[in-house]
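The next block holds one structure in the form of structure tokens; read it before the comments.
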Amino acid sequence: MSTFVQRVASAANLNEHSVNPNSHWVNLKGSWTTNIVLVIVFRLVFGVIPWSTPELCWTLTNLSYCLFQYIMFHGIIGTPFEVNQGAYDNLTLWEQMDNGEQYTPTKKFLTVVPIVVFLLSTHYTYYDVPTFIINFTAVLIVLIAKLPAFHRVRFFGINMGQNEYN
């Protein structure tokens with residue numbers, strides 16, 4: 001492949017019953033609620049800034065949540081635990097979740113939340129074109145990274161593992 005787009009090599013075949021402690025917490029009770037609470041906290045924190053308007057607060061909420069999701073699920077590779085003999089060393093948290101299975105309830109939820117926050121921010125900014133473009137760009141970047149077509153795909157060598165460079 002070109003240096004623009006590279007695919008990460010497949011991890012070792014893992015037992016489907018093995019538990020990855022790095023990504024198992026996402027499926028536990030309360031992690032979905034934590035995402036909703038995080039959006040509310042972002043909105044409340046930006047709401048107490050003296051000079052902020054509701055439009056700015058919702059735009060900052062959308063940008064912050066998208067940045068949080070991108071860094072948390074797509075920006076960090078590997079796992080701090082060495083229980084799977086390096087099988088997850090070159091994978092992002094999103095790729096590790098549910099042993100790489102697509103369209104699980106948790107992945108669907110984590111895909112829907114940025115869309116809902118985007119729709120809320122668009123509504124509360126009264127469909128203003130400049131803020132729409134900013135909000136749309138942020139949510140688009142997060143959603144593209146979640147697409148199954150981009151599973152284990154790296155652009156410009158970003159997030160490539162050390163042993164994957166030629």
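Chains: A, B, ... in order of the structure tokens. Residues: from 1 per chain. Ligands: from 1, in order shown.
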- Message: For the structure I just gave you, how does DSSP split region 34-162 of chain A - specifically, which residues are helix (DSSP H, G or I)? Reply as JSON, numbers by chain.
- Response: {"A": [34, 35, 36, 37, 38, 39, 40, 41, 42, 43, 44, 45, 46, 47, 54, 55, 56, 57, 58, 59, 60, 61, 62, 63, 64, 65, 66, 67, 68, 69, 70, 71, 72, 73, 74, 75, 93, 94, 95, 96, 97, 98, 99, 100, 105, 106, 107, 108, 109, 110, 111, 112, 113, 114, 115, 116, 117, 118, 119, 120, 121, 122, 123, 124, 129, 130, 131, 132, 133, 134, 135, 136, 137, 138, 139, 140, 141, 142, 143, 144, 145, 146, 148, 149, 150, 162]}
- Determine, counting only C-alpha atoms, which protein, DNA and RNA residues have an atom within 10 Å of an atom of Ile71 (chain A); residues of the same chain fewer than 5 positions away are not included. Present the result as a ChimeraX atom specification. /A:65-66,76-77,92-93,142
Would you output that residue set with N, CA and C atoms, as a compact mmCIF listing (two decimals), in the first residue's frame?
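The new file again-v6.txt reads:
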```txt
# COMPACT_ATOMS: atom_id res chain seq x y z
N TYR A 65 -16.37 16.92 23.08
CA TYR A 65 -16.77 15.51 23.11
C TYR A 65 -16.16 14.74 21.94
N CYS A 66 -16.16 15.34 20.76
CA CYS A 66 -15.55 14.68 19.59
C CYS A 66 -14.05 14.49 19.80
N ILE A 76 -5.07 6.43 20.72
CA ILE A 76 -4.09 5.72 21.54
C ILE A 76 -4.08 4.26 21.12
N ILE A 77 -2.89 3.72 20.92
CA ILE A 77 -2.80 2.31 20.53
C ILE A 77 -2.20 1.48 21.66
N THR A 92 -6.05 0.28 18.14
CA THR A 92 -6.66 1.31 18.95
C THR A 92 -7.71 0.67 19.86
N LEU A 93 -8.21 1.43 20.82
CA LEU A 93 -9.23 0.90 21.71
C LEU A 93 -10.48 0.51 20.93
N VAL A 142 -14.69 12.04 13.64
CA VAL A 142 -14.92 10.97 14.61
C VAL A 142 -15.65 9.80 13.96
```
- Note on the structure: re CA of Gly78 (chain A) and CA of Pro21 (chain A): distance 11.7 Å
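Between Pro130 (chain A) and the residues A:Gln69, A:Ser31, A:Thr59, A:Asn90, the shortest atom-to-atom distance, using only C-alpha atoms, involves A:Thr59.
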- Residue nearest Asp128 (chain A) among A:Asn99, A:Val116, A:Leu56, A:Leu110 (counting only C-alpha atoms): A:Leu56
- Nearest candidate to Met72 (chain A) (options A:Ile36, A:Val48, A:Leu119, A:Val26; using only C-alpha atoms):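 Nearest to Met72 (chain A): A:Val26.
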- Message: Measuring between only C-alpha atoms, which one of A:Val139, A:Cys57, A:Arg43, A:Arg154 shows the shortest distance to Val112 (chain A)?
- Response: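 Checking each of A:Val139, A:Cys57, A:Arg43, A:Arg154 against Val112 (chain A), counting only C-alpha atoms, the winner is A:Val139.
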- Query: Hey, which of A:Asn135, A:Ser121, A:Asn62, A:Ser23 ends up closest to Leu38 (chain A)? Count only C-alpha atoms.
  - Reply: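 Distance minimum relative to Leu38 (chain A) lands on A:Asn62.
Every residue of region 66-155 of chain A found in strand (DSSP E or B) when DSSP is run on the backbone appears here: Ile77, Thr92, Val153, Arg154 and Phe155 of chain A.
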- Item | Residues near Gly47 (chain A), cut-off 10 Å, only C-alpha atoms, skip fewer than 3 positions along chain, as a ChimeraX atom specification | /A:41-44,50-54,56-58,60-61
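When CA of Glu101 (chain A) is paired with CA of Lys29 (chain A), their separation reads 19.4 Å.
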- Message: One decimal, in Å: what's the spacing between CA of Tyr126 (chain A) and CA of Ile49 (chain A)?
- Response: 20.5 Å
- Would you mind telling me which residue in A:Gly30, A:Gln102, A:Phe132, A:Phe109 lies nearest to Ala149 (chain A) when using only C-alpha atoms?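 Closest candidate: A:Gln102.
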